[in-house]
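Raw input_35.txt, compact mmCIF, N, CA and C atoms and all ligand atoms:
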```
# COMPACT_ATOMS: atom_id res chain seq x y z
N MET A 1 -15.49 -1.97 5.02
CA MET A 1 -14.30 -2.18 5.86
C MET A 1 -14.12 -0.97 6.78
N SER A 2 -13.77 -1.22 8.01
CA SER A 2 -13.58 -0.10 8.93
C SER A 2 -12.31 0.65 8.59
N LYS A 3 -12.19 1.84 9.15
CA LYS A 3 -11.08 2.72 8.78
C LYS A 3 -9.86 2.46 9.65
N ASP A 4 -9.44 1.20 9.69
CA ASP A 4 -8.29 0.84 10.49
C ASP A 4 -7.07 0.67 9.60
N ILE A 5 -5.96 0.32 10.23
CA ILE A 5 -4.76 -0.02 9.46
C ILE A 5 -4.96 -1.41 8.87
N GLN A 6 -4.71 -1.54 7.57
CA GLN A 6 -4.79 -2.85 6.94
C GLN A 6 -3.36 -3.34 6.69
N ILE A 7 -3.07 -4.53 7.16
CA ILE A 7 -1.74 -5.11 6.99
C ILE A 7 -1.89 -6.44 6.27
N VAL A 8 -1.19 -6.58 5.14
CA VAL A 8 -1.22 -7.84 4.40
C VAL A 8 0.20 -8.25 4.07
N LYS A 9 0.54 -9.48 4.39
CA LYS A 9 1.88 -10.00 4.12
C LYS A 9 1.73 -11.14 3.12
N ARG A 10 2.57 -11.09 2.09
CA ARG A 10 2.52 -12.15 1.09
C ARG A 10 3.94 -12.39 0.61
N ASP A 11 4.37 -13.63 0.68
CA ASP A 11 5.76 -13.96 0.38
C ASP A 11 6.69 -13.04 1.17
N ASP A 12 7.54 -12.29 0.47
CA ASP A 12 8.51 -11.44 1.19
C ASP A 12 8.02 -10.02 1.37
N ILE A 13 6.84 -9.72 0.88
CA ILE A 13 6.36 -8.34 0.88
C ILE A 13 5.25 -8.15 1.91
N GLU A 14 5.37 -7.07 2.67
CA GLU A 14 4.30 -6.69 3.59
C GLU A 14 3.89 -5.26 3.26
N ILE A 15 2.60 -5.06 3.14
CA ILE A 15 2.05 -3.73 2.85
C ILE A 15 1.12 -3.34 3.99
N ARG A 16 1.25 -2.09 4.39
CA ARG A 16 0.34 -1.55 5.40
C ARG A 16 -0.30 -0.29 4.84
N ILE A 17 -1.59 -0.18 5.00
CA ILE A 17 -2.27 1.08 4.67
C ILE A 17 -2.80 1.67 5.96
N ILE A 18 -2.34 2.86 6.25
CA ILE A 18 -2.82 3.57 7.43
C ILE A 18 -4.11 4.27 6.99
N ARG A 19 -5.19 3.53 7.00
CA ARG A 19 -6.42 3.99 6.37
C ARG A 19 -6.98 5.30 6.95
N PRO A 20 -6.81 5.56 8.23
CA PRO A 20 -7.31 6.86 8.73
C PRO A 20 -6.62 8.05 8.08
N LEU A 21 -5.42 7.85 7.50
CA LEU A 21 -4.71 8.95 6.84
C LEU A 21 -5.18 9.18 5.41
N CYS A 22 -5.76 8.17 4.81
CA CYS A 22 -6.06 8.21 3.37
C CYS A 22 -7.04 9.32 3.04
N ILE A 23 -6.68 10.10 2.01
CA ILE A 23 -7.55 11.19 1.58
C ILE A 23 -8.12 10.93 0.18
N SER A 24 -8.06 9.66 -0.23
CA SER A 24 -8.73 9.23 -1.47
C SER A 24 -8.12 9.83 -2.73
N ALA A 25 -6.83 10.16 -2.69
CA ALA A 25 -6.20 10.74 -3.88
C ALA A 25 -6.09 9.74 -5.02
N ALA A 26 -6.03 8.47 -4.67
CA ALA A 26 -6.06 7.37 -5.65
C ALA A 26 -4.83 7.25 -6.53
N THR A 27 -3.77 7.99 -6.26
CA THR A 27 -2.57 7.79 -7.07
C THR A 27 -1.99 6.40 -6.84
N CYS A 28 -2.18 5.83 -5.67
CA CYS A 28 -1.69 4.47 -5.44
C CYS A 28 -2.34 3.50 -6.42
N VAL A 29 -3.60 3.70 -6.72
CA VAL A 29 -4.32 2.83 -7.65
C VAL A 29 -3.77 3.02 -9.07
N VAL A 30 -3.40 4.23 -9.41
CA VAL A 30 -2.85 4.50 -10.73
C VAL A 30 -1.49 3.81 -10.90
N PHE A 31 -0.67 3.85 -9.87
CA PHE A 31 0.68 3.28 -9.95
C PHE A 31 0.69 1.76 -9.83
N ALA A 32 -0.23 1.19 -9.08
CA ALA A 32 -0.23 -0.26 -8.85
C ALA A 32 -1.68 -0.75 -8.76
N GLU A 33 -2.29 -0.84 -9.92
CA GLU A 33 -3.73 -1.13 -9.97
C GLU A 33 -4.07 -2.55 -9.55
N ASN A 34 -3.08 -3.44 -9.59
CA ASN A 34 -3.35 -4.82 -9.16
C ASN A 34 -3.12 -5.02 -7.66
N THR A 35 -2.68 -3.97 -7.01
CA THR A 35 -2.36 -4.09 -5.58
C THR A 35 -3.30 -3.24 -4.72
N PHE A 36 -3.66 -2.08 -5.24
CA PHE A 36 -4.48 -1.16 -4.45
C PHE A 36 -5.81 -0.87 -5.16
N ASP A 37 -6.80 -0.61 -4.34
CA ASP A 37 -8.11 -0.22 -4.85
C ASP A 37 -8.73 0.70 -3.80
N LEU A 38 -9.84 1.30 -4.15
CA LEU A 38 -10.58 2.09 -3.18
C LEU A 38 -11.84 1.32 -2.79
N ASP A 39 -12.19 1.36 -1.52
CA ASP A 39 -13.40 0.68 -1.08
C ASP A 39 -14.62 1.57 -1.30
N GLU A 40 -15.74 1.15 -0.79
CA GLU A 40 -16.99 1.89 -1.04
C GLU A 40 -16.97 3.28 -0.40
N ASP A 41 -16.07 3.49 0.54
CA ASP A 41 -15.93 4.82 1.15
C ASP A 41 -14.80 5.62 0.51
N ASN A 42 -14.25 5.10 -0.61
CA ASN A 42 -13.13 5.74 -1.30
C ASN A 42 -11.86 5.81 -0.47
N ILE A 43 -11.69 4.82 0.38
CA ILE A 43 -10.47 4.68 1.17
C ILE A 43 -9.68 3.50 0.60
N ALA A 44 -8.37 3.68 0.52
CA ALA A 44 -7.54 2.66 -0.12
C ALA A 44 -7.57 1.33 0.64
N ILE A 45 -7.55 0.25 -0.16
CA ILE A 45 -7.45 -1.10 0.39
C ILE A 45 -6.41 -1.88 -0.42
N ILE A 46 -5.89 -2.92 0.19
CA ILE A 46 -4.97 -3.83 -0.48
C ILE A 46 -5.80 -4.94 -1.11
N LYS A 47 -5.54 -5.22 -2.38
CA LYS A 47 -6.37 -6.17 -3.12
C LYS A 47 -5.95 -7.62 -2.88
N GLU A 48 -6.90 -8.50 -3.14
CA GLU A 48 -6.62 -9.94 -3.20
C GLU A 48 -5.92 -10.21 -4.53
N GLY A 49 -5.48 -11.42 -4.72
CA GLY A 49 -4.96 -11.83 -6.02
C GLY A 49 -3.52 -11.41 -6.24
N GLN A 50 -3.11 -11.52 -7.50
CA GLN A 50 -1.71 -11.26 -7.86
C GLN A 50 -1.40 -9.78 -7.76
N TRP A 51 -0.40 -9.43 -6.94
CA TRP A 51 0.01 -8.04 -6.81
C TRP A 51 0.92 -7.63 -7.96
N ASP A 52 1.13 -6.33 -8.05
CA ASP A 52 2.11 -5.80 -8.99
C ASP A 52 3.53 -6.13 -8.50
N ARG A 53 4.51 -5.85 -9.38
CA ARG A 53 5.91 -6.03 -8.97
C ARG A 53 6.24 -5.07 -7.82
N LEU A 54 7.23 -5.45 -7.05
CA LEU A 54 7.61 -4.68 -5.87
C LEU A 54 7.90 -3.21 -6.24
N GLU A 55 8.56 -3.00 -7.38
CA GLU A 55 8.91 -1.63 -7.78
C GLU A 55 7.66 -0.78 -7.95
N LYS A 56 6.63 -1.38 -8.51
CA LYS A 56 5.39 -0.63 -8.71
C LYS A 56 4.69 -0.36 -7.38
N ILE A 57 4.78 -1.31 -6.48
CA ILE A 57 4.16 -1.13 -5.17
C ILE A 57 4.86 0.01 -4.41
N VAL A 58 6.18 0.03 -4.50
CA VAL A 58 6.93 1.10 -3.83
C VAL A 58 6.62 2.44 -4.48
N ALA A 59 6.55 2.47 -5.81
CA ALA A 59 6.21 3.71 -6.51
C ALA A 59 4.83 4.21 -6.09
N ALA A 60 3.91 3.29 -5.91
CA ALA A 60 2.57 3.66 -5.46
C ALA A 60 2.63 4.27 -4.06
N ALA A 61 3.40 3.64 -3.20
CA ALA A 61 3.53 4.16 -1.84
C ALA A 61 4.17 5.54 -1.85
N GLN A 62 5.16 5.72 -2.72
CA GLN A 62 5.84 7.02 -2.81
C GLN A 62 4.92 8.09 -3.37
N SER A 63 3.94 7.68 -4.13
CA SER A 63 3.02 8.65 -4.73
C SER A 63 1.98 9.16 -3.75
N CYS A 64 1.85 8.48 -2.63
CA CYS A 64 0.78 8.85 -1.69
C CYS A 64 1.14 10.16 -0.99
N PRO A 65 0.29 11.17 -1.12
CA PRO A 65 0.63 12.48 -0.57
C PRO A 65 0.61 12.55 0.95
N VAL A 66 0.03 11.54 1.59
CA VAL A 66 -0.07 11.59 3.06
C VAL A 66 0.69 10.44 3.74
N LEU A 67 1.55 9.77 2.98
CA LEU A 67 2.35 8.66 3.52
C LEU A 67 1.49 7.61 4.22
N ALA A 68 0.38 7.28 3.59
CA ALA A 68 -0.53 6.32 4.20
C ALA A 68 -0.16 4.87 3.88
N ILE A 69 0.84 4.69 2.99
CA ILE A 69 1.22 3.32 2.59
C ILE A 69 2.65 3.04 3.03
N GLU A 70 2.83 1.93 3.72
CA GLU A 70 4.16 1.49 4.14
C GLU A 70 4.45 0.16 3.45
N VAL A 71 5.70 0.00 2.99
CA VAL A 71 6.08 -1.22 2.28
C VAL A 71 7.33 -1.82 2.92
N PHE A 72 7.27 -3.10 3.19
CA PHE A 72 8.39 -3.83 3.77
C PHE A 72 8.76 -4.98 2.84
N HIS A 73 10.06 -5.27 2.73
CA HIS A 73 10.52 -6.42 1.95
C HIS A 73 11.51 -7.19 2.79
N LYS A 74 11.21 -8.44 3.04
CA LYS A 74 12.04 -9.28 3.90
C LYS A 74 12.32 -8.59 5.24
N GLY A 75 11.31 -7.93 5.76
CA GLY A 75 11.43 -7.29 7.07
C GLY A 75 12.05 -5.91 7.04
N GLU A 76 12.57 -5.52 5.88
CA GLU A 76 13.19 -4.19 5.77
C GLU A 76 12.16 -3.18 5.28
N GLN A 77 12.09 -2.05 5.97
CA GLN A 77 11.14 -1.02 5.57
C GLN A 77 11.69 -0.25 4.36
N LEU A 78 10.99 -0.38 3.22
CA LEU A 78 11.43 0.29 1.99
C LEU A 78 10.84 1.68 1.87
N TRP A 79 9.61 1.83 2.39
CA TRP A 79 8.94 3.14 2.34
C TRP A 79 7.93 3.24 3.45
N PRO A 80 7.81 4.38 4.11
CA PRO A 80 8.67 5.57 4.02
C PRO A 80 10.09 5.26 4.48
N LYS A 81 11.05 5.95 3.90
CA LYS A 81 12.45 5.76 4.27
C LYS A 81 12.64 6.13 5.73
N LYS A 82 13.38 5.27 6.42
CA LYS A 82 13.75 5.62 7.80
C LYS A 82 14.92 6.58 7.76
N SER A 83 14.84 7.65 8.52
CA SER A 83 15.94 8.62 8.50
C SER A 83 17.01 8.21 9.50
S1 LIG A 101 -2.48 7.47 -2.64
FE1 LIG A 101 -2.65 7.56 -0.39
S2 LIG A 101 -4.27 9.01 0.00
FE2 LIG A 101 -4.45 8.36 -2.13
S3 LIG A 101 -5.88 6.65 -2.11
FE3 LIG A 101 -3.84 5.82 -1.99
S4 LIG A 101 -3.48 5.59 0.21
FE4 LIG A 101 -5.18 6.99 -0.02
```
Would you write the structure of this file as structure tokens?
Amino acid sequence: MSKDIQIVKRDDIEIRIIRPLCISAATCVVFAENTFDLDEDNIAIIKEGQWDRLEKIVAAAQSCPVLAIEVFHKGEQLWPKKS
């Protein structure tokens, strides 16, 4: 997969990974293993199949040291927080 932004929307949840920012820390995978994975280049990707609960997805996004994961619910941006 190329190092672009990956955007996946499912039901009320939209996840974006700003892949050029990813530094392969993999904490997102630890927090939400059913939602995030690393590709062959060790860059985060959004997985197919059943995702984790929204709380876990947000926790995963919050764990990312470079703010490479954005989470939206019903169009509202949950993370990163808008100031
Ligand atoms: S936590 Fe952030 S930097 Fe680490 S793999 Fe996930 S998206 Fe990449």
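Across the structure, atom C of Val66 in chain A and atom C of Leu21 in chain A are spaced 6.2 Å apart.
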**Asked** Quick one, how far is atom S4 of ligand LIG 101 (chain A) from CA of Ala44 in chain A?
**Response**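 Between atom S4 of ligand LIG 101 (chain A) and CA of Ala44 in chain A the gap works out to 5.0 Å.
Compared by their closest atoms to Asp12 in chain A, and using all atoms listed in the file, the residues A:Lys56, A:Lys47, A:His73, A:Lys81 rank with A:His73 nearest.
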**Given 6.5 Å and only N, CA and C atoms and all ligand atoms, residues near ligand LIG 101 (chain A) as a list in words** =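 Written in the requested form, the residues are Ile17, Leu21, Cys22, Ile23, Ser24, Ala25, Ala26, Thr27, Cys28, Val29, Asn42, Ile43, Ala44, Ala60, Ser63, Cys64, Pro65, Val66, Leu67, Ala68 and Ile69 of chain A.
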Axis-aligned box over every listed atom of range 71-74 of chain A, padded by 4 Å per side: centre and edges in Å to one decimal, as AutoDock Vina command-line options?
```
--center_x 9.0 --center_y -4.6 --center_z 3.6 --size_x 14.6 --size_y 17.3 --size_z 11.3
```
(-3.0, 2.1, 7.3) in this file's frame - what residues fall within 5 Å of it? Use all atoms listed in the file and give the answer as an mmCIF file with N, CA and C atoms, in the coordinates of the input.
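The result, written out as result-v1.cif:
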```
data_model
loop_
_atom_site.group_PDB
_atom_site.id
_atom_site.type_symbol
_atom_site.label_atom_id
_atom_site.label_comp_id
_atom_site.auth_asym_id
_atom_site.auth_seq_id
_atom_site.Cartn_x
_atom_site.Cartn_y
_atom_site.Cartn_z
ATOM 1 N N ASP A 4 -9.440 1.200 9.690
ATOM 2 C CA ASP A 4 -8.290 0.840 10.490
ATOM 3 C C ASP A 4 -7.070 0.670 9.600
ATOM 4 N N ILE A 5 -5.960 0.320 10.230
ATOM 5 C CA ILE A 5 -4.760 -0.020 9.460
ATOM 6 C C ILE A 5 -4.960 -1.410 8.870
ATOM 7 N N GLN A 6 -4.710 -1.540 7.570
ATOM 8 C CA GLN A 6 -4.790 -2.850 6.940
ATOM 9 C C GLN A 6 -3.360 -3.340 6.690
ATOM 10 N N ARG A 16 1.250 -2.090 4.390
ATOM 11 C CA ARG A 16 0.340 -1.550 5.400
ATOM 12 C C ARG A 16 -0.300 -0.290 4.840
ATOM 13 N N ILE A 17 -1.590 -0.180 5.000
ATOM 14 C CA ILE A 17 -2.270 1.080 4.670
ATOM 15 C C ILE A 17 -2.800 1.670 5.960
ATOM 16 N N ILE A 18 -2.340 2.860 6.250
ATOM 17 C CA ILE A 18 -2.820 3.570 7.430
ATOM 18 C C ILE A 18 -4.110 4.270 6.990
ATOM 19 N N ARG A 19 -5.190 3.530 7.000
ATOM 20 C CA ARG A 19 -6.420 3.990 6.370
ATOM 21 C C ARG A 19 -6.980 5.300 6.950
#
```
**Nearest to Gln62 in chain A by atom-to-atom distance, counting only C-alpha atoms, from A:Arg10, A:Asp39, A:Lys74, A:Ala32** =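 Smallest distance to Gln62 in chain A is found for A:Ala32.
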**Prompt:** Please, what distance in Å, to one decimal, runs between atom N of Glu14 in chain A and atom N of Val71 in chain A?
**Reply:**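 So the two atoms, atom N of Glu14 in chain A and atom N of Val71 in chain A, lie 7.1 Å apart.
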**Request:** List every protein, DNA or RNA residue that has at least one atom no more than 8 Å from (0.9, -4.7, -11.3) in the file's coordinates, counting all atoms listed in the file, and write the result as a VMD selection string.
**Result:** chain A and resid 31 to 35 50 to 54 56 to 57
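Residue-level DSSP output for chain A, from the backbone, shows alpha helix (DSSP H) at Thr27, Cys28, Val29, Val30, Phe31, Leu54, Glu55, Lys56, Ile57, Val58, Ala59, Ala60, Ala61, Gln62 and Ser63 of chain A.
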**Message:** From a backbone DSSP assignment, name each residue in range 38-69 of chain A labelled strand (DSSP E or B), as a PyMOL selection string.
**Reply:** chain A and resi 38+44-46+69
